[in-house]
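Just below is one structure, and these are the notes that go with it.
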Amino acid sequence: MSFSVDRLFDRVLFYLKLLGKKVVEVNKEKYFVKVEDRVNRKRIDITIALVPPFWVTMRGKLLDGEEIRKLGGMAYIVYRELLKLSFRSAEFKFAMDNEYNIYITEDIHFAALTFDVFEEEYNAIPAAAKTFYDRLYPEIKQIAESQKVEIT
Amino acid sequence: MSVAPVERIGRYLKLLGKKFEFDPTASKYRVIEKFDAEEFVVEISFTRNWAIILLSFGSIKDKPVDIRCKVFERLLKLNRQYAEVCFCIDDDYNVYCEEDILLDALTFDVFMEEYNAILISKELYDKEIQPLLTGT
């Protein structure tokens, strides 16, 4: 099974246009596009990339690694709750990079890239971010306060 | 696509030569897999919009907090490192890999890739998580 990555990338750009999303960067050489969205008045930067041979990945950064590191050992609670939220929802998963930045992530198989699937998967990102900010973020702030550190 | 998702996945499993059984009451498939001579079961269930493929690795509730913390950190990093893999836990600290397919997106090729991601997760768990639990 092979896919024309150029054509798939154009399709992603077209879908974003149809959805009226604010595209802030397009890189046709590296096949990624950056979109700016808003949840609870907070800006969320979403990167959509084509990762051959099979995946369209969407990543929304939720929390800077700096903030996680400030929590010290109490970061355990954040990790635990992120993994639990991933279990409770079919639509999304949480992930963390080596710098401890926290992301919400979505993946679409190239063979499944249709407008309806893209829209559903894309919309799961702001929805998950809202869940994160409403349910988990207050707990993170509370932990930070108990540790006497400031979280922005 | 005229064939219902449950039947379609049964057909895909047959095409892939999998050993499986179907529980009509729970509308759930149980697929028997083998890795390094160890047998394990992959479950496939359905909600209104999703097919959910699940592999349980068991609970880590009895492990000390510092070990659990290392495991959680590693699971989140694996979620980032591997596009197709999704590790998660339930309230009893059971660790799972879960792959979800939107029923609108259910085709053989998508199913095969998502199902294979479960098998990759088994390999990752044995290689990356198990040593954290046993201290090896």
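Naming works like this for the structure tokens: A, B, ... for the chains as they're shown, residue 1 at the start of each chain, ligands 1 onward in shown order.
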Hey, which bits of region 50-123 of chain B sit within 10 Å of region 25-40 of chain B, and for each residue what's the closest pair of atoms and how far apart in Å (one decimal), counting only C-alpha atoms, rows by chain and increasing number, as a Markdown table?
```
| residue | atom | partner | partner_atom | distance |
| --- | --- | --- | --- | --- |
| B:Ala51 | CA | B:Lys28 | CA | 9.9 |
| B:Ile52 | CA | B:Lys28 | CA | 9.6 |
| B:Ile53 | CA | B:Tyr29 | CA | 9.2 |
| B:Leu54 | CA | B:Arg30 | CA | 9.7 |
| B:Leu55 | CA | B:Phe40 | CA | 8.3 |
| B:Ser56 | CA | B:Phe40 | CA | 8.9 |
| B:Phe57 | CA | B:Phe40 | CA | 9.2 |
| B:Leu119 | CA | B:Phe35 | CA | 8.5 |
| B:Lys122 | CA | B:Phe35 | CA | 8.1 |
| B:Glu123 | CA | B:Phe35 | CA | 8.1 |
```
**Message:** To test your reading of the structure, identify every residue in region 1-130 of chain B that backbone DSSP assigns to helix (DSSP H, G or I), and report it as number ranges by chain.
**Reply:** B: 5-15, 65-81, 103-105, 108-130
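What separates CA of Lys18 (chain B) from CA of Ile120 (chain B) is a distance of 16.2 Å.
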**Request:** Using backbone DSSP assignments, extract all strand (DSSP E or B) residues from region 1-62 of chain A; output them as a PyMOL selection string.
**Result:** chain A and resi 22-27+32-39+42-51+55-62
Residues at most 12 Å from Ala128 (chain A), counting only C-alpha atoms, excluding those fewer than 6 positions away in the same chain, as a short mmCIF file (atom, residue, chain, number, x, y, z; two decimals) with C-alpha atoms, in the first residue's frame?
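Writing the result to out-v8.cif gives the following:
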```cif
data_model
loop_
_atom_site.label_atom_id
_atom_site.label_comp_id
_atom_site.auth_asym_id
_atom_site.auth_seq_id
_atom_site.Cartn_x
_atom_site.Cartn_y
_atom_site.Cartn_z
CA VAL A 39 -9.58 26.43 24.75
CA ASN A 40 -10.80 28.18 27.91
CA ILE A 44 -3.21 25.78 22.19
CA ARG A 59 -0.11 17.05 18.67
CA GLY A 60 -1.46 19.75 20.94
CA LYS A 61 0.94 20.98 23.59
CA LEU A 62 -0.81 21.31 26.93
CA LEU A 82 -3.10 11.59 32.38
CA LEU A 85 -7.88 10.02 31.27
CA SER A 86 -6.37 8.26 28.24
CA ARG A 88 -11.50 6.69 29.88
CA SER A 89 -11.62 8.23 26.45
CA ALA A 90 -11.51 6.50 23.09
CA GLU A 91 -10.82 9.74 21.30
CA PHE A 92 -7.38 10.75 22.54
CA LYS A 93 -4.22 9.88 24.39
CA PHE A 94 -1.77 11.90 26.43
CA TYR A 103 0.80 16.69 24.74
CA ILE A 104 -2.56 15.53 23.64
CA THR A 105 -2.10 13.36 20.59
CA GLU A 106 -4.24 11.94 17.81
CA GLU A 121 -10.09 13.48 15.39
CA TYR A 122 -9.15 17.17 15.19
CA ASP A 134 -11.06 21.75 33.75
CA ARG A 135 -10.23 18.57 35.63
CA LEU A 136 -6.51 18.08 35.91
#
```
Mind running chain A against chain B at 6 Å and telling me each contacting residue's nearest atom pair with the distance in Å (one decimal), counting only C-alpha atoms, chain and number ascending, as a Markdown table?
```
| residue | atom | partner | partner_atom | distance |
| --- | --- | --- | --- | --- |
| A:Tyr76 | CA | B:Cys69 | CA | 5.2 |
| A:Tyr79 | CA | B:Phe72 | CA | 5.8 |
| A:Leu83 | CA | B:Cys88 | CA | 4.5 |
| A:Lys84 | CA | B:Ile89 | CA | 5.1 |
| A:Ser86 | CA | B:Cys88 | CA | 5.6 |
| A:Phe87 | CA | B:Cys88 | CA | 5.1 |
| A:Ala90 | CA | B:Asp100 | CA | 5.9 |
| A:Ala95 | CA | B:Leu76 | CA | 4.6 |
| A:Met96 | CA | B:Lys77 | CA | 4.8 |
| A:Asp97 | CA | B:Lys77 | CA | 5.5 |
| A:Ala112 | CA | B:Ala105 | CA | 5.2 |
```
Atoms to include: C-alpha atoms. Write the selected residues as a compact mmCIF listing (two decimals), in the first residue's frame.
```txt
# COMPACT_ATOMS: atom_id res chain seq x y z
CA TYR A 76 3.54 11.18 39.80
CA TYR A 79 1.30 11.13 35.14
CA LEU A 83 -2.91 7.82 31.86
CA LYS A 84 -6.32 7.36 33.50
CA SER A 86 -6.37 8.26 28.24
CA PHE A 87 -8.12 5.05 29.35
CA ALA A 90 -11.51 6.50 23.09
CA ALA A 95 1.95 11.75 25.86
CA MET A 96 5.18 13.28 27.12
CA ASP A 97 8.48 14.00 25.40
CA ALA A 112 -8.53 6.54 6.91
```
**Message:** Residues near Lys28 (chain A), anyone? I mean within 12 Å using only C-alpha atoms, not counting same-chain ones fewer than 3 positions away, as a ChimeraX atom specification.
**Reply:** /A:5-10,12-13,25,31-34,48-50
Can those selected residues be exported to a file as a PDB file, in the first residue's frame so that it contains N, CA and C atoms?
```
ATOM      1  N   VAL A   5       2.310  11.276  -0.490  1.00  0.00           N
ATOM      2  CA  VAL A   5       2.339  12.121   0.712  1.00  0.00           C
ATOM      3  C   VAL A   5       1.993  13.570   0.352  1.00  0.00           C
ATOM      4  N   ASP A   6       2.468  14.025  -0.818  1.00  0.00           N
ATOM      5  CA  ASP A   6       2.150  15.399  -1.252  1.00  0.00           C
ATOM      6  C   ASP A   6       0.641  15.612  -1.353  1.00  0.00           C
ATOM      7  N   ARG A   7      -0.025  14.639  -1.940  1.00  0.00           N
ATOM      8  CA  ARG A   7      -1.473  14.774  -2.114  1.00  0.00           C
ATOM      9  C   ARG A   7      -2.199  14.701  -0.772  1.00  0.00           C
ATOM     10  N   LEU A   8      -1.727  13.840   0.097  1.00  0.00           N
ATOM     11  CA  LEU A   8      -2.345  13.749   1.426  1.00  0.00           C
ATOM     12  C   LEU A   8      -2.152  15.045   2.212  1.00  0.00           C
ATOM     13  N   PHE A   9      -0.955  15.633   2.052  1.00  0.00           N
ATOM     14  CA  PHE A   9      -0.673  16.879   2.761  1.00  0.00           C
ATOM     15  C   PHE A   9      -1.603  17.993   2.257  1.00  0.00           C
ATOM     16  N   ASP A  10      -1.797  18.050   0.930  1.00  0.00           N
ATOM     17  CA  ASP A  10      -2.730  19.034   0.362  1.00  0.00           C
ATOM     18  C   ASP A  10      -4.143  18.811   0.900  1.00  0.00           C
ATOM     19  N   VAL A  12      -4.940  17.576   3.826  1.00  0.00           N
ATOM     20  CA  VAL A  12      -4.984  18.076   5.208  1.00  0.00           C
ATOM     21  C   VAL A  12      -5.175  19.598   5.203  1.00  0.00           C
ATOM     22  N   LEU A  13      -4.419  20.283   4.330  1.00  0.00           N
ATOM     23  CA  LEU A  13      -4.537  21.749   4.258  1.00  0.00           C
ATOM     24  C   LEU A  13      -5.949  22.150   3.840  1.00  0.00           C
ATOM     25  N   GLU A  25       1.625  28.134  10.252  1.00  0.00           N
ATOM     26  CA  GLU A  25       2.856  27.741   9.544  1.00  0.00           C
ATOM     27  C   GLU A  25       2.591  26.500   8.705  1.00  0.00           C
ATOM     28  N   TYR A  31       6.475  18.303   5.631  1.00  0.00           N
ATOM     29  CA  TYR A  31       5.089  17.841   5.768  1.00  0.00           C
ATOM     30  C   TYR A  31       4.482  18.097   7.144  1.00  0.00           C
ATOM     31  N   PHE A  32       4.610  19.335   7.629  1.00  0.00           N
ATOM     32  CA  PHE A  32       3.852  19.645   8.848  1.00  0.00           C
ATOM     33  C   PHE A  32       3.187  21.002   8.727  1.00  0.00           C
ATOM     34  N   VAL A  33       2.119  21.146   9.486  1.00  0.00           N
ATOM     35  CA  VAL A  33       1.388  22.404   9.522  1.00  0.00           C
ATOM     36  C   VAL A  33       1.084  22.724  10.986  1.00  0.00           C
ATOM     37  N   LYS A  34       1.227  24.022  11.321  1.00  0.00           N
ATOM     38  CA  LYS A  34       0.930  24.425  12.702  1.00  0.00           C
ATOM     39  C   LYS A  34      -0.365  25.233  12.727  1.00  0.00           C
ATOM     40  N   ILE A  48       0.237  19.389  13.061  1.00  0.00           N
ATOM     41  CA  ILE A  48      -0.250  18.227  12.303  1.00  0.00           C
ATOM     42  C   ILE A  48       0.850  17.841  11.322  1.00  0.00           C
ATOM     43  N   ALA A  49       1.303  16.600  11.417  1.00  0.00           N
ATOM     44  CA  ALA A  49       2.424  16.180  10.571  1.00  0.00           C
ATOM     45  C   ALA A  49       2.094  14.870   9.866  1.00  0.00           C
ATOM     46  N   LEU A  50       2.638  14.718   8.690  1.00  0.00           N
ATOM     47  CA  LEU A  50       2.518  13.440   7.991  1.00  0.00           C
ATOM     48  C   LEU A  50       3.782  12.640   8.261  1.00  0.00           C
TER      49      LEU A  50
END
```
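Going from CA of Phe132 (chain A) over to CA of Pro52 (chain A), you cover 29.6 Å.
Taking CA of Lys130 (chain A) as the reference point, CA of Val23 (chain A) is found at 20.5 Å.
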**Item:** Of the listed residues A:Leu19, A:Ile77, A:Ile68, A:Val24, that which approaches Asn98 (chain A) most closely, counting only C-alpha atoms
**Value:** A:Ile68
